[in-house]
Amino acid sequence: MPVVEREKTHDDELDVLNHLLSKREKLQNNPELILKEIDDYNSKTGKLITIGPGKGKFLKREIKSLKPTNVFEFGTYIGYSSILIAIELVKLDNSQIEDFKIYTFEFDPIFYNISSKIVKLAGLEHIIELNYGKVSNIIEGVVDNNKISQIDFLFVDHWKYHYLPDLRIVESLGLISQNSVIFADNILRPGVPDYLEYIRQSPEWKQKHNLSVPNENSERLIGRYGLIYETTIEKAANNKGDIDGVAITKCIDNLN
Ligand SMILES: C[S@@+](CC[C@H](N)C(=O)[O-])C[C@H]1O[C@@H](n2cnc3c(N)ncnc32)[C@H](O)[C@@H]1O
């Protein structure tokens, strides 16, 4: 049974957008300050479902050490983590790399709109490409349009019952290869047991699984059993102060 996410309204996110726009002069082209404003706002309400500073520090650390050319993000929401990743990418000496980019995906029209405005306020539209639609419906188009053959860093942070189906899609599209890193949020709260089991299992188990369990998000793209992963879990507080975990998974071999 898929985990059912709570029905989300947009009141808090519209509120935070208005709050940021009311400080437009101070915040324009200042992504660090925008994240701080969002964190401060959230420390009062605890209502926003951004990755937040606690778990965000692992995201920063991984970007710093991997130095990815491209980053894919499933679940833009209000653009908080896209901005956090973009700040780290800009800090890297990527001057020799012409177009490092974050391709982020959001299927909720209001969140898509809010994130577009916040990314624009941050002055990061040239680095963050916002894609509107359900990951499984639009990813092939995004990959083709941008001539992408491999994902360097994938941040999985959309609804939890899409984690495994969409991982199977990117595997089948040949986008995960040796040294790709997949960073998944909310591993303990609410938890994503099917995803965790999959990334930890043997090629034999995955082959059987992929042939016998249909992919809910694609009839055709069922996953690749020969990708070998190594995963570490890091724990930190979420925005409510509860301990959650992120799974950092490196593809260490490709037997396909
Ligand atoms: C937890 S929030 C993302 C938080 C964001 N990464 C951050 O840390 O600031 C999850 C978002 O994923 C979006 N979403 C869920 N399933 C999706 C899907 N299949 N395709 C695109 N967006 C999706 C939701 O609308 C929501 O805005």
# chains A, B, ... in the order shown; residues from 1 in each chain; ligands from 1
>>> residues_near_ligand(ligand="ligand 1", cutoff="10 Å", atoms="only C-alpha atoms and all ligand atoms", output="PyMOL selection string")
chain A and resi 5+8+10+35+38+48-53+55-56+59+73-84+104-112+115+131-139+155-163+165-166+184-186+217
>>> select_by_dssp(residues="region 55-208 of chain A", states="alpha helix (DSSP H)", output="PyMOL selection string")
chain A and resi 55-66+80-91+109-122+135-145+163-172+193-200+203-208
>>> atom_distance(atom1="CA of Thr45 (chain A)", atom2="CA of Val16 (chain A)")
10.5 Å
>>> residues_around(residues="Asn18 (chain A)", least_positions_apart="6", cutoff="12 Å", atoms="only C-alpha atoms", output="VMD selection string")
chain A and resid 11 to 12 24 37 to 38 41 114 117 to 118 121
>>> write_last_selection(atoms="N, CA and C atoms", output="PDB file, in the first residue's frame")
ATOM      1  N   ASP A  11      -1.528  27.674   1.856  1.00  0.00           N
ATOM      2  CA  ASP A  11      -1.578  28.921   2.626  1.00  0.00           C
ATOM      3  C   ASP A  11      -0.203  29.331   3.173  1.00  0.00           C
ATOM      4  N   ASP A  12       0.498  28.388   3.781  1.00  0.00           N
ATOM      5  CA  ASP A  12       1.784  28.739   4.396  1.00  0.00           C
ATOM      6  C   ASP A  12       2.807  29.147   3.335  1.00  0.00           C
ATOM      7  N   ARG A  24      11.614  42.507  -0.805  1.00  0.00           N
ATOM      8  CA  ARG A  24      12.248  42.324  -2.107  1.00  0.00           C
ATOM      9  C   ARG A  24      13.584  43.075  -2.256  1.00  0.00           C
ATOM     10  N   GLU A  37      15.691  33.692   5.620  1.00  0.00           N
ATOM     11  CA  GLU A  37      14.327  34.183   5.877  1.00  0.00           C
ATOM     12  C   GLU A  37      13.344  33.025   5.945  1.00  0.00           C
ATOM     13  N   ILE A  38      13.501  32.059   5.017  1.00  0.00           N
ATOM     14  CA  ILE A  38      12.583  30.904   5.010  1.00  0.00           C
ATOM     15  C   ILE A  38      12.776  30.086   6.290  1.00  0.00           C
ATOM     16  N   TYR A  41      11.248  31.970   9.218  1.00  0.00           N
ATOM     17  CA  TYR A  41       9.789  31.877   9.128  1.00  0.00           C
ATOM     18  C   TYR A  41       9.347  30.503   9.650  1.00  0.00           C
ATOM     19  N   ILE A 114       5.025  29.478  -7.150  1.00  0.00           N
ATOM     20  CA  ILE A 114       5.722  30.087  -6.004  1.00  0.00           C
ATOM     21  C   ILE A 114       7.239  29.908  -6.179  1.00  0.00           C
ATOM     22  N   LYS A 117       8.853  32.229  -8.657  1.00  0.00           N
ATOM     23  CA  LYS A 117       9.036  33.604  -8.159  1.00  0.00           C
ATOM     24  C   LYS A 117      10.209  33.690  -7.187  1.00  0.00           C
ATOM     25  N   ILE A 118      10.355  32.662  -6.348  1.00  0.00           N
ATOM     26  CA  ILE A 118      11.439  32.708  -5.352  1.00  0.00           C
ATOM     27  C   ILE A 118      12.809  32.511  -6.035  1.00  0.00           C
ATOM     28  N   LEU A 121      13.646  35.752  -7.588  1.00  0.00           N
ATOM     29  CA  LEU A 121      14.100  36.692  -6.566  1.00  0.00           C
ATOM     30  C   LEU A 121      15.558  36.405  -6.193  1.00  0.00           C
TER      31      LEU A 121
END
>>> residues_around(residues="Gln150 (chain A)", least_positions_apart="4", cutoff="7 Å", atoms="only C-alpha atoms", output="number ranges by chain")
A: 175-177
>>> write_last_selection(atoms="N, CA and C atoms", output="CSV table (one decimal), in the first residue's frame")
chain,number,residue,atom,x,y,z
A,175,LEU,N,20.2,6.6,-17.0
A,175,LEU,CA,20.7,7.9,-16.5
A,175,LEU,C,21.6,7.7,-15.3
A,176,ILE,N,21.5,6.5,-14.6
A,176,ILE,CA,22.4,6.3,-13.5
A,176,ILE,C,23.5,5.4,-13.9
A,177,SER,N,24.7,5.9,-13.7
A,177,SER,CA,25.9,5.0,-14.0
A,177,SER,C,26.9,5.2,-12.9
>>> closest_residue(among="A:Asn113, A:Ala86, A:Leu33, A:Thr232", to="Leu14 (chain A)", atoms="only C-alpha atoms")
A:Asn113
>>> residues_around(residues="Gly46 (chain A)", least_positions_apart="6", cutoff="9 Å", atoms="only C-alpha atoms", output="PyMOL selection string")
chain A and resi 239-241
>>> select_by_dssp(residues="region 42-151 of chain A", states="strand (DSSP E)", output="ChimeraX atom specification")
/A:70-74,101-106,128-132
>>> atom_distance(atom1="CA of Glu13 (chain A)", atom2="CA of Ile63 (chain A)")
26.2 Å
>>> closest_atom_pairs(of="region 96-177 of chain A", to="region 202-214 of chain A", cutoff="12 Å", atoms="only C-alpha atoms", output="Markdown table")
| residue | atom | partner | partner_atom | distance |
| --- | --- | --- | --- | --- |
| A:Leu164 | CA | A:Asn210 | CA | 11.0 |
| A:Pro165 | CA | A:Pro214 | CA | 9.1 |
| A:Leu167 | CA | A:Asn210 | CA | 11.8 |
| A:Arg168 | CA | A:Asn210 | CA | 8.5 |
| A:Ile169 | CA | A:Asn210 | CA | 11.2 |
| A:Glu171 | CA | A:Asn210 | CA | 11.4 |
| A:Ser172 | CA | A:Asn210 | CA | 10.7 |
>>> residues_around(residues="Ala247 (chain A)", least_positions_apart="3", cutoff="10 Å", atoms="only C-alpha atoms", output="PyMOL selection string")
chain A and resi 58+156+182-188+196+199+230-235+250
>>> write_last_selection(atoms="C-alpha atoms", output="compact mmCIF listing (two decimals), in the first residue's frame")
# COMPACT_ATOMS: atom_id res chain seq x y z
CA PHE A 58 24.39 16.85 4.23
CA VAL A 156 14.77 12.54 -4.46
CA ILE A 182 21.23 9.54 -5.29
CA PHE A 183 20.32 11.50 -2.18
CA ALA A 184 16.91 10.69 -0.71
CA ASP A 185 15.15 12.64 2.03
CA ASN A 186 12.64 11.47 4.68
CA ILE A 187 14.15 8.02 5.03
CA LEU A 188 12.94 7.72 8.63
CA LEU A 196 15.50 1.40 0.91
CA ILE A 199 18.75 0.03 -3.25
CA GLU A 230 26.41 1.56 -1.64
CA THR A 231 24.26 3.51 0.81
CA THR A 232 24.92 5.44 3.99
CA ILE A 233 22.24 6.94 6.21
CA GLU A 234 22.77 10.25 7.97
CA LYS A 235 20.44 11.41 10.72
CA LYS A 250 26.47 5.92 -4.66
>>> closest_residue(among="A:Ile243, A:Val192, A:Val170, A:Cys251", to="Leu221 (chain A)", atoms="only C-alpha atoms")
A:Val170
